[in-house]
$ cat input_20.cif   # mmCIF, C-alpha atoms
data_upload
#
loop_
_atom_site.group_PDB
_atom_site.id
_atom_site.type_symbol
_atom_site.label_atom_id
_atom_site.label_comp_id
_atom_site.auth_asym_id
_atom_site.auth_seq_id
_atom_site.Cartn_x
_atom_site.Cartn_y
_atom_site.Cartn_z
ATOM 1 C CA MET Y 166 -42.285 110.558 -257.652
ATOM 2 C CA SER Y 167 -39.532 111.803 -259.971
ATOM 3 C CA PHE Y 168 -37.756 110.844 -263.179
ATOM 4 C CA LYS Y 169 -34.409 110.688 -261.375
ATOM 5 C CA ASN Y 170 -33.056 107.232 -260.599
ATOM 6 C CA GLU Y 171 -32.000 108.161 -257.042
ATOM 7 C CA VAL Y 172 -34.343 110.241 -254.899
ATOM 8 C CA VAL Y 173 -33.273 111.698 -251.536
ATOM 9 C CA ILE Y 174 -36.241 112.249 -249.195
ATOM 10 C CA ASP Y 175 -36.117 114.577 -246.194
ATOM 11 C CA CYS Y 176 -38.414 112.654 -243.827
ATOM 12 C CA ARG Y 177 -39.003 115.520 -241.405
ATOM 13 C CA GLY Y 178 -42.729 116.177 -240.887
ATOM 14 C CA HIS Y 179 -43.944 113.077 -242.788
ATOM 15 C CA LEU Y 180 -46.344 110.478 -241.410
ATOM 16 C CA LEU Y 181 -44.672 107.081 -241.033
ATOM 17 C CA GLY Y 182 -47.217 104.713 -242.602
ATOM 18 C CA ARG Y 183 -48.225 106.925 -245.513
ATOM 19 C CA MET Y 184 -44.636 107.637 -246.477
ATOM 20 C CA CYS Y 185 -43.569 103.984 -246.193
ATOM 21 C CA SER Y 186 -46.368 102.812 -248.513
ATOM 22 C CA ILE Y 187 -45.214 105.278 -251.201
ATOM 23 C CA ILE Y 188 -41.547 104.318 -250.712
ATOM 24 C CA ALA Y 189 -42.442 100.600 -250.983
ATOM 25 C CA LYS Y 190 -44.221 101.199 -254.298
ATOM 26 C CA GLU Y 191 -41.322 103.220 -255.688
ATOM 27 C CA ILE Y 192 -38.523 100.793 -254.756
ATOM 28 C CA LEU Y 193 -40.522 97.920 -256.289
ATOM 29 C CA ASN Y 194 -40.659 99.996 -259.485
ATOM 30 C CA GLY Y 195 -36.843 100.208 -259.531
ATOM 31 C CA LYS Y 196 -36.196 103.569 -257.826
ATOM 32 C CA HIS Y 197 -33.236 104.043 -255.490
ATOM 33 C CA ILE Y 198 -34.501 105.915 -252.431
ATOM 34 C CA VAL Y 199 -32.486 107.497 -249.615
ATOM 35 C CA CYS Y 200 -34.377 108.563 -246.476
ATOM 36 C CA THR Y 201 -32.687 111.205 -244.299
ATOM 37 C CA ARG Y 202 -33.663 112.746 -240.925
ATOM 38 C CA THR Y 203 -35.685 109.649 -239.992
ATOM 39 C CA GLU Y 204 -35.655 110.726 -236.324
ATOM 40 C CA ASP Y 205 -38.068 113.570 -237.235
ATOM 41 C CA ILE Y 206 -40.740 111.340 -238.797
ATOM 42 C CA ASN Y 207 -44.184 111.827 -237.218
ATOM 43 C CA MET Y 208 -46.600 109.167 -236.035
ATOM 44 C CA SER Y 209 -50.239 110.026 -235.426
ATOM 45 C CA GLY Y 210 -51.339 109.584 -231.817
ATOM 46 C CA SER Y 211 -49.613 110.575 -228.591
ATOM 47 C CA LEU Y 212 -46.195 109.325 -227.512
ATOM 48 C CA TYR Y 213 -47.889 107.381 -224.709
ATOM 49 C CA ARG Y 214 -50.021 105.489 -227.245
ATOM 50 C CA ALA Y 215 -47.010 104.789 -229.474
ATOM 51 C CA LYS Y 216 -45.070 103.455 -226.459
ATOM 52 C CA LEU Y 217 -47.911 101.065 -225.610
ATOM 53 C CA LYS Y 218 -47.980 99.766 -229.184
ATOM 54 C CA TYR Y 219 -44.204 99.341 -229.352
ATOM 55 C CA ALA Y 220 -44.099 97.636 -225.936
ATOM 56 C CA ASN Y 221 -46.720 95.194 -227.200
ATOM 57 C CA PHE Y 222 -44.590 94.505 -230.299
ATOM 58 C CA ARG Y 223 -41.446 94.094 -228.196
ATOM 59 C CA ARG Y 224 -43.078 91.390 -226.105
ATOM 60 C CA LYS Y 225 -43.361 89.102 -229.146
ATOM 61 C CA HIS Y 226 -40.330 86.842 -229.413
ATOM 62 C CA THR Y 227 -39.406 83.174 -229.772
ATOM 63 C CA ASN Y 228 -40.274 81.641 -226.430
ATOM 64 C CA SER Y 229 -37.575 78.971 -226.359
ATOM 65 C CA ASN Y 230 -34.794 81.280 -227.597
ATOM 66 C CA PRO Y 231 -35.484 85.004 -228.046
ATOM 67 C CA ARG Y 232 -32.284 85.365 -230.119
ATOM 68 C CA HIS Y 233 -34.075 83.609 -232.970
ATOM 69 C CA GLY Y 234 -36.294 86.700 -233.456
ATOM 70 C CA PRO Y 235 -38.466 88.570 -234.232
ATOM 71 C CA PHE Y 236 -35.957 91.392 -233.736
ATOM 72 C CA HIS Y 237 -37.115 94.745 -232.403
ATOM 73 C CA GLN Y 238 -35.017 97.548 -233.853
ATOM 74 C CA ARG Y 239 -34.516 100.659 -231.729
ATOM 75 C CA ALA Y 240 -32.988 103.178 -234.179
ATOM 76 C CA PRO Y 241 -35.454 105.354 -236.156
ATOM 77 C CA SER Y 242 -33.815 104.468 -239.491
ATOM 78 C CA LYS Y 243 -34.172 100.764 -238.727
ATOM 79 C CA ILE Y 244 -37.804 101.167 -237.612
ATOM 80 C CA LEU Y 245 -38.540 102.924 -240.929
ATOM 81 C CA TRP Y 246 -36.729 100.146 -242.843
ATOM 82 C CA ARG Y 247 -38.688 97.462 -240.985
ATOM 83 C CA THR Y 248 -41.992 99.267 -241.720
ATOM 84 C CA VAL Y 249 -41.187 99.360 -245.440
ATOM 85 C CA ARG Y 250 -40.144 95.680 -245.296
ATOM 86 C CA GLY Y 251 -43.658 94.803 -244.139
ATOM 87 C CA MET Y 252 -45.057 96.404 -247.316
ATOM 88 C CA VAL Y 253 -42.702 94.571 -249.707
ATOM 89 C CA PRO Y 254 -42.636 90.836 -250.604
ATOM 90 C CA HIS Y 255 -39.165 90.648 -249.037
ATOM 91 C CA LYS Y 256 -38.838 86.854 -249.188
ATOM 92 C CA THR Y 257 -38.841 86.837 -253.004
ATOM 93 C CA PRO Y 258 -35.816 87.880 -255.110
ATOM 94 C CA ARG Y 259 -37.794 90.855 -256.460
ATOM 95 C CA GLY Y 260 -38.663 92.108 -252.976
ATOM 96 C CA ALA Y 261 -35.133 91.531 -251.643
ATOM 97 C CA ALA Y 262 -33.700 93.495 -254.584
ATOM 98 C CA ALA Y 263 -36.205 96.285 -253.895
ATOM 99 C CA LEU Y 264 -35.122 96.534 -250.232
ATOM 100 C CA ASP Y 265 -31.494 96.783 -251.367
ATOM 101 C CA ARG Y 266 -32.494 99.970 -253.203
ATOM 102 C CA LEU Y 267 -33.568 101.638 -249.928
ATOM 103 C CA LYS Y 268 -31.174 103.444 -247.573
ATOM 104 C CA CYS Y 269 -32.235 105.068 -244.295
ATOM 105 C CA PHE Y 270 -30.237 107.479 -242.123
ATOM 106 C CA GLU Y 271 -30.638 109.544 -238.978
ATOM 107 C CA GLY Y 272 -29.633 113.141 -239.706
ATOM 108 C CA ILE Y 273 -28.240 113.975 -243.151
ATOM 109 C CA PRO Y 274 -24.817 112.319 -243.599
ATOM 110 C CA HIS Y 275 -22.121 113.628 -245.939
ATOM 111 C CA PRO Y 276 -22.920 112.896 -249.577
ATOM 112 C CA TYR Y 277 -26.632 113.676 -249.143
ATOM 113 C CA ASP Y 278 -26.215 117.040 -247.368
ATOM 114 C CA ARG Y 279 -25.062 118.434 -250.755
ATOM 115 C CA LYS Y 280 -27.945 116.942 -252.751
ATOM 116 C CA LYS Y 281 -31.449 118.163 -253.465
ATOM 117 C CA ARG Y 282 -33.933 116.652 -251.036
ATOM 118 C CA MET Y 283 -37.576 115.961 -251.813
ATOM 119 C CA VAL Y 284 -40.770 115.722 -249.782
ATOM 120 C CA VAL Y 285 -43.763 113.445 -250.342
ATOM 121 C CA PRO Y 286 -46.854 115.717 -250.357
ATOM 122 C CA GLN Y 287 -49.281 112.781 -249.913
ATOM 123 C CA ALA Y 288 -47.601 111.934 -246.585
ATOM 124 C CA LEU Y 289 -46.986 115.367 -245.029
ATOM 125 C CA LYS Y 290 -48.466 115.780 -241.552
ATOM 126 C CA VAL Y 291 -49.583 119.380 -242.192
ATOM 127 C CA LEU Y 292 -51.608 118.259 -245.228
ATOM 128 C CA ARG Y 293 -52.997 115.056 -243.749
ATOM 129 C CA LEU Y 294 -53.789 115.669 -240.069
ATOM 130 C CA LYS Y 295 -56.011 118.231 -238.395
ATOM 131 C CA PRO Y 296 -53.886 120.652 -236.375
ATOM 132 C CA GLU Y 297 -55.492 119.675 -233.051
ATOM 133 C CA ARG Y 298 -54.600 115.972 -233.466
ATOM 134 C CA ARG Y 299 -51.798 114.545 -231.348
ATOM 135 C CA VAL Y 300 -48.577 113.398 -232.969
ATOM 136 C CA CYS Y 301 -45.230 112.104 -231.743
ATOM 137 C CA LYS Y 302 -41.762 111.860 -233.242
ATOM 138 C CA LEU Y 303 -40.097 108.578 -234.095
ATOM 139 C CA GLY Y 304 -36.836 109.767 -232.479
ATOM 140 C CA ASP Y 305 -38.597 110.289 -229.129
ATOM 141 C CA LEU Y 306 -40.125 106.801 -229.291
ATOM 142 C CA SER Y 307 -36.716 105.295 -230.113
ATOM 143 C CA LYS Y 308 -35.080 107.103 -227.199
ATOM 144 C CA GLU Y 309 -37.684 105.664 -224.815
ATOM 145 C CA PHE Y 310 -36.815 102.144 -225.967
ATOM 146 C CA GLY Y 311 -33.027 102.358 -225.810
ATOM 147 C CA TRP Y 312 -31.735 104.335 -228.826
ATOM 148 C CA LYS Y 313 -28.657 106.129 -227.434
ATOM 149 C CA HIS Y 314 -27.686 108.575 -230.176
ATOM 150 C CA GLN Y 315 -30.360 111.292 -230.090
ATOM 151 C CA ASP Y 316 -28.022 113.887 -228.542
ATOM 152 C CA LEU Y 317 -25.201 113.019 -230.956
ATOM 153 C CA ILE Y 318 -27.488 113.372 -233.994
ATOM 154 C CA LYS Y 319 -28.768 116.716 -232.663
ATOM 155 C CA ARG Y 320 -25.188 117.995 -232.291
ATOM 156 C CA LEU Y 321 -24.201 116.859 -235.790
ATOM 157 C CA GLU Y 322 -27.369 118.377 -237.266
ATOM 158 C CA ASP Y 323 -26.674 121.737 -235.583
ATOM 159 C CA GLN Y 324 -23.192 121.749 -237.152
ATOM 160 C CA ARG Y 325 -24.620 120.845 -240.562
ATOM 161 C CA LYS Y 326 -27.247 123.610 -240.391
ATOM 162 C CA VAL Y 327 -24.553 126.247 -239.722
ATOM 163 C CA LYS Y 328 -22.595 125.078 -242.791
ATOM 164 C CA SER Y 329 -25.703 124.869 -244.931
ATOM 165 C CA GLU Y 330 -26.811 128.408 -243.963
ATOM 166 C CA ALA Y 331 -23.373 129.783 -244.918
ATOM 167 C CA PHE Y 332 -23.583 127.978 -248.277
ATOM 168 C CA HIS Y 333 -27.089 129.352 -248.891
ATOM 169 C CA LYS Y 334 -25.998 132.933 -248.150
ATOM 170 C CA LYS Y 335 -23.035 132.564 -250.508
ATOM 171 C CA LYS Y 336 -25.250 131.106 -253.230
ATOM 172 C CA THR Y 337 -27.893 133.862 -252.979
ATOM 173 C CA ALA Y 338 -25.178 136.567 -252.989
ATOM 174 C CA ALA Y 339 -23.654 135.067 -256.159
ATOM 175 C CA LYS Y 340 -27.113 134.918 -257.766
ATOM 176 C CA ARG Y 341 -27.797 138.599 -256.927
ATOM 177 C CA ALA Y 342 -24.385 139.626 -258.280
ATOM 178 C CA ARG Y 343 -25.071 137.755 -261.515
ATOM 179 C CA GLN Y 344 -28.505 139.382 -261.922
ATOM 180 C CA ALA Y 345 -27.011 142.847 -261.260
ATOM 181 C CA ALA Y 346 -24.254 142.172 -263.822
ATOM 182 C CA THR Y 347 -26.749 141.067 -266.486
ATOM 183 C CA LYS Y 348 -28.812 144.241 -265.896
ATOM 184 C CA ALA Y 349 -25.786 146.541 -265.975
ATOM 185 C CA VAL Y 350 -24.193 145.073 -269.112
ATOM 186 C CA LYS Y 351 -24.330 147.201 -272.295
ATOM 187 C CA VAL Y 352 -24.746 145.390 -275.627
ATOM 188 C CA SER Y 353 -23.964 147.078 -278.951
ATOM 189 C CA ALA Y 354 -26.644 147.244 -281.648
ATOM 190 C CA GLU Y 355 -24.792 144.713 -283.853
ATOM 191 C CA ASP Y 356 -24.492 142.212 -281.009
ATOM 192 C CA GLN Y 357 -28.150 142.767 -280.083
ATOM 193 C CA LYS Y 358 -29.194 141.817 -283.639
ATOM 194 C CA ILE Y 359 -27.087 138.655 -283.482
ATOM 195 C CA LEU Y 360 -28.633 137.754 -280.090
ATOM 196 C CA GLU Y 361 -32.160 138.378 -281.414
ATOM 197 C CA SER Y 362 -31.533 136.222 -284.474
ATOM 198 C CA ALA Y 363 -30.300 133.422 -282.162
ATOM 199 C CA GLY Y 364 -33.424 133.812 -279.960
ATOM 200 C CA PHE Y 365 -31.726 135.414 -276.906
ATOM 201 C CA ALA Y 366 -33.468 138.802 -277.085
#

$ encode --input "input_20.cif" --output "structure tokens"
Amino acid sequence: MSFKNEVVIDCRGHLLGRMCSIIAKEILNGKHIVCTRTEDINMSGSLYRAKLKYANFRRKHTNSNPRHGPFHQRAPSKILWRTVRGMVPHKTPRGAAALDRLKCFEGIPHPYDRKKRMVVPQALKVLRLKPERRVCKLGDLSKEFGWKHQDLIKRLEDQRKVKSEAFHKKKTAAKRARQAATKAVKVSAEDQKILESAGFA
């Protein structure tokens, strides 16, 4: 995936299963992975179909005392985490350590909104599904089953996008100014020779 030790993935537009299998492999290899915008993950098939599957999963519990599990997480980040858990030997020390290297968030919280975010090309919906195929979002499925924070995350994301656009404009303006300054600068013949000898011609 990358030679960096910590990789931040922007999950928007990725397919759930494909992305989770790649994440599982990477965390077992020792990578620290942070998944952001988990509410925008795609699942193939219509929302109706996804609801049927999740309702079937939700029906499975300990008959004598449902509080003993299995537990059915509602938040998109937790659903993603649970999906990865199923692909990792989580009952062994190696698997437990691997899961500790995974963090999942709805939206893009503070430290990660300033960091470079990656995509996983092998899991992108636009590269993997035909355009006429039906898809649904994980956030919509979560909302149907009792996740209460979709509106809050949308509001926070709108605020973040305004800030991020302002930062981008400032950055591009600074880059243009720098390029204009490098073009406009006049270098004397002596300095030019020194630069050429140093390999900066």

$ closest_atom_pairs --input "input_20.cif" --of "segment 175-293 of chain Y" --to "segment 313-317 of chain Y" --cutoff "12 Å" --atoms "all atoms listed in the file" --output "tab-separated table"
residue	atom	partner	partner_atom	distance
Y:Arg202	CA	Y:Gln315	CA	11.4
Y:Thr203	CA	Y:Gln315	CA	11.4
Y:Glu204	CA	Y:Gln315	CA	8.2
Y:Asp205	CA	Y:Gln315	CA	10.8
Y:Arg239	CA	Y:Lys313	CA	9.1
Y:Ala240	CA	Y:Lys313	CA	8.5
Y:Pro241	CA	Y:Gln315	CA	9.9
Y:Ser242	CA	Y:His314	CA	11.9
Y:Glu271	CA	Y:Gln315	CA	9.1
Y:Gly272	CA	Y:Leu317	CA	9.8

$ closest_residue --input "input_20.cif" --among "Y:Val350, Y:Ala339, Y:Ile192, Y:Cys269" --to "Trp246 of chain Y" --atoms "all atoms listed in the file"
Y:Cys269

$ closest_residue --input "input_20.cif" --among "Y:Ala189, Y:Leu267, Y:Ala262, Y:Ala288" --to "Met208 of chain Y" --atoms "only C-alpha atoms"
Y:Ala288

$ atom_distance --input "input_20.cif" --atom1 "atom CA of Asp278 of chain Y" --atom2 "atom CA of Val327 of chain Y"
12.1 Å

$ residues_around --input "input_20.cif" --residues "Gly210 of chain Y" --least-positions-apart "3" --cutoff "8 Å" --atoms "only C-alpha atoms" --output "PyMOL selection string"
chain Y and resi 214-215+298-301

$ write_last_selection --input "input_20.cif" --atoms "C-alpha atoms" --output "PDB file, in the frame of the given file"
ATOM      1  CA  ARG Y 214     -50.021 105.489-227.245  1.00  0.00           C
ATOM      2  CA  ALA Y 215     -47.010 104.789-229.474  1.00  0.00           C
ATOM      3  CA  ARG Y 298     -54.600 115.972-233.466  1.00  0.00           C
ATOM      4  CA  ARG Y 299     -51.798 114.545-231.348  1.00  0.00           C
ATOM      5  CA  VAL Y 300     -48.577 113.398-232.969  1.00  0.00           C
ATOM      6  CA  CYS Y 301     -45.230 112.104-231.743  1.00  0.00           C
TER       7      CYS Y 301
END

$ atom_distance --input "input_20.cif" --atom1 "atom CA of Met252 of chain Y" --atom2 "atom CA of Glu191 of chain Y"
11.4 Å

$ resolve_selection --input "input_20.cif" --expression "the PyMOL selection byres ((chain Y and resi 280-283) around 7)" --output "list of chain:residue names"
Y:Val173, Y:Ile174, Y:Asp175, Y:Tyr277, Y:Asp278, Y:Arg279, Y:Val284, Y:Val285

$ residues_around --input "input_20.cif" --residues "Pro235 of chain Y" --least-positions-apart "3" --cutoff "9 Å" --atoms "all atoms listed in the file" --output "count of residues only"
6

$ atom_distance --input "input_20.cif" --atom1 "atom CA of Phe236 of chain Y" --atom2 "atom CA of Pro258 of chain Y"
21.7 Å
